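Written out below as structure tokens is the structure these notes cover.
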Amino acid sequence: MKKSAFQFHYKYFLATVFIFLSEVLIATVLKDIFLIRAYLGDIIVVMLLYTFVKSFFNIRNDVKVIFGILIFSFTVEFAQYFNIAEKLGFQPGSTMYIVVGNSFSWIDMFCYAVGCLLLIIFVKLTGKQKRN
């Protein structure tokens, strides 16, 4: 019998909640520590997206998922270059304006790539441990 692509995985969901709370902590409490706010948040956000996707979908090829998240992250970042939040009618300071973002940065794209690379390394290392 073929497994459904949709399947809830509570471990990934718990990881998603933990990473989300970490992002909130970075954005609110640690916001004055520049290196954490500016770089770590962008590295972690791709991990948040990965665990969120894995929470609901039974996808075997993790590298394809991670690559898709990288492309999605780059797309959102490029959309910021064209002020997409304003074009969609989001008010500055609103939740959606903050989520979508409002300023393009090559450094952000580098941070997304670093986060995805760390994810691939983690997935490969944990995959080897499961096989042994």
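Ligands are numbered from 1 in the order shown, chains are lettered A, B, ... in the order of the structure tokens, and residues start at 1 in each chain.
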
Can you list, as a list in words, every protein, DNA or RNA residue that comes within 9 Å of A:Ser105 when you count only C-alpha atoms, leaving out same-chain residues fewer than 5 positions away?
Glu77, Phe78, Gln80, Tyr81 and Phe110 of chain A

Quick one: everything within 10 Å of A:Ile71, counting only C-alpha atoms, minus sequence neighbours fewer than 6 positions away in the same chain. Send it as a ChimeraX atom specification.
/A:65,77,112-113

With only C-alpha atoms as the basis for distance, which of A:Ile19, A:Ala5, A:Ala38, A:Met47 is at the shortest distance from A:Leu118?
A:Met47

Find, counting only C-alpha atoms, the residue in A:Phe56, A:Leu40, A:Val100, A:Phe72 that gets nearest to A:Ala27.
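Checking each of A:Phe56, A:Leu40, A:Val100, A:Phe72 against A:Ala27, counting only C-alpha atoms, the winner is A:Leu40.
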
Counting only C-alpha atoms, which of A:Gly101, A:Gly115, A:Gly89, A:Gly68 gets nearest to A:Val46?
A:Gly115

Point-to-point distance from atom CA of A:Ile66 to atom CA of A:Tyr50, Å rounded to tenths:
6.7 Å

Pairwise distance for atom CA of A:Phe13 and atom CA of A:Asp62, rounded to one decimal in Å
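Atom CA of A:Phe13 sits 16.1 Å away from atom CA of A:Asp62.
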
Nearest residue to A:Thr75 out of A:Phe57, A:Phe104, A:Tyr12, A:Phe122, using only C-alpha atoms?
A:Phe104

Mind the document's chain letters and residue numbers, and return as a ChimeraX atom specification the residues of stretch 25-87 of chain A that DSSP labels helix (DSSP H, G or I).
/A:25-28,34-56,62-81,84-87

Using only C-alpha atoms, determine which residues lie at most 12 Å from A:Asn102, disregarding the query and same-chain residues fewer than 3 positions distant; provide the list as a CSV table (one decimal) with N, CA and C atoms, in the first residue's frame.
```csv
chain,number,residue,atom,x,y,z
A,76,VAL,N,11.6,35.1,-2.1
A,76,VAL,CA,11.0,36.1,-1.1
A,76,VAL,C,12.0,37.3,-1.0
A,77,GLU,N,13.3,37.0,-0.9
A,77,GLU,CA,14.3,38.1,-0.8
A,77,GLU,C,14.3,39.0,-2.0
A,78,PHE,N,14.2,38.4,-3.2
A,78,PHE,CA,14.2,39.2,-4.4
A,78,PHE,C,12.9,40.0,-4.5
A,79,ALA,N,11.8,39.4,-4.0
A,79,ALA,CA,10.5,40.2,-4.0
A,79,ALA,C,10.6,41.4,-3.1
A,80,GLN,N,11.5,41.3,-2.1
A,80,GLN,CA,11.7,42.5,-1.2
A,80,GLN,C,12.4,43.6,-2.0
A,81,TYR,N,13.2,43.3,-2.9
A,81,TYR,CA,13.8,44.3,-3.8
A,81,TYR,C,12.8,45.1,-4.5
A,82,PHE,N,11.7,44.5,-4.9
A,82,PHE,CA,10.6,45.2,-5.6
A,82,PHE,C,9.5,45.7,-4.6
A,83,ASN,N,9.8,45.8,-3.3
A,83,ASN,CA,8.9,46.3,-2.3
A,83,ASN,C,7.5,45.6,-2.4
A,84,ILE,N,7.6,44.2,-2.4
A,84,ILE,CA,6.3,43.4,-2.6
A,84,ILE,C,5.4,43.6,-1.4
A,85,ALA,N,5.9,43.8,-0.2
A,85,ALA,CA,5.0,44.0,1.0
A,85,ALA,C,4.1,45.3,0.8
A,86,GLU,N,4.7,46.3,0.3
A,86,GLU,CA,3.9,47.5,0.0
A,86,GLU,C,2.9,47.3,-1.2
A,87,LYS,N,3.4,46.6,-2.2
A,87,LYS,CA,2.5,46.4,-3.4
A,87,LYS,C,1.3,45.5,-3.0
A,88,LEU,N,1.5,44.6,-2.0
A,88,LEU,CA,0.4,43.8,-1.6
A,88,LEU,C,-0.5,44.5,-0.6
A,90,PHE,N,0.3,45.7,2.5
A,90,PHE,CA,0.6,45.5,3.9
A,90,PHE,C,1.1,46.8,4.5
A,91,GLN,N,0.7,47.2,5.7
A,91,GLN,CA,1.0,48.4,6.3
A,91,GLN,C,2.4,48.2,7.0
A,92,PRO,N,3.3,49.2,6.9
A,92,PRO,CA,4.6,49.1,7.7
A,92,PRO,C,4.3,48.9,9.1
A,93,GLY,N,5.0,47.9,9.7
A,93,GLY,CA,4.9,47.5,11.1
A,93,GLY,C,3.9,46.4,11.3
A,94,SER,N,3.0,46.1,10.3
A,94,SER,CA,2.1,45.0,10.5
A,94,SER,C,2.8,43.7,10.5
A,95,THR,N,2.1,42.7,11.0
A,95,THR,CA,2.8,41.3,11.0
A,95,THR,C,3.2,40.8,9.7
A,96,MET,N,2.3,40.9,8.7
A,96,MET,CA,2.6,40.5,7.3
A,96,MET,C,3.7,41.3,6.7
A,97,TYR,N,3.8,42.6,7.0
A,97,TYR,CA,4.8,43.4,6.5
A,97,TYR,C,6.2,42.9,7.0
A,98,ILE,N,6.2,42.6,8.3
A,98,ILE,CA,7.4,42.1,8.9
A,98,ILE,C,7.8,40.7,8.4
A,99,VAL,N,6.8,39.8,8.2
A,99,VAL,CA,7.0,38.4,7.7
A,99,VAL,C,7.6,38.5,6.3
A,105,SER,N,18.7,42.1,0.7
A,105,SER,CA,20.1,42.1,1.1
A,105,SER,C,20.8,40.8,0.6
```

Between A:Ile120, A:Ile69, A:Val17, A:Val114, which is the closest to A:Tyr39 once you count only C-alpha atoms?
A:Val114
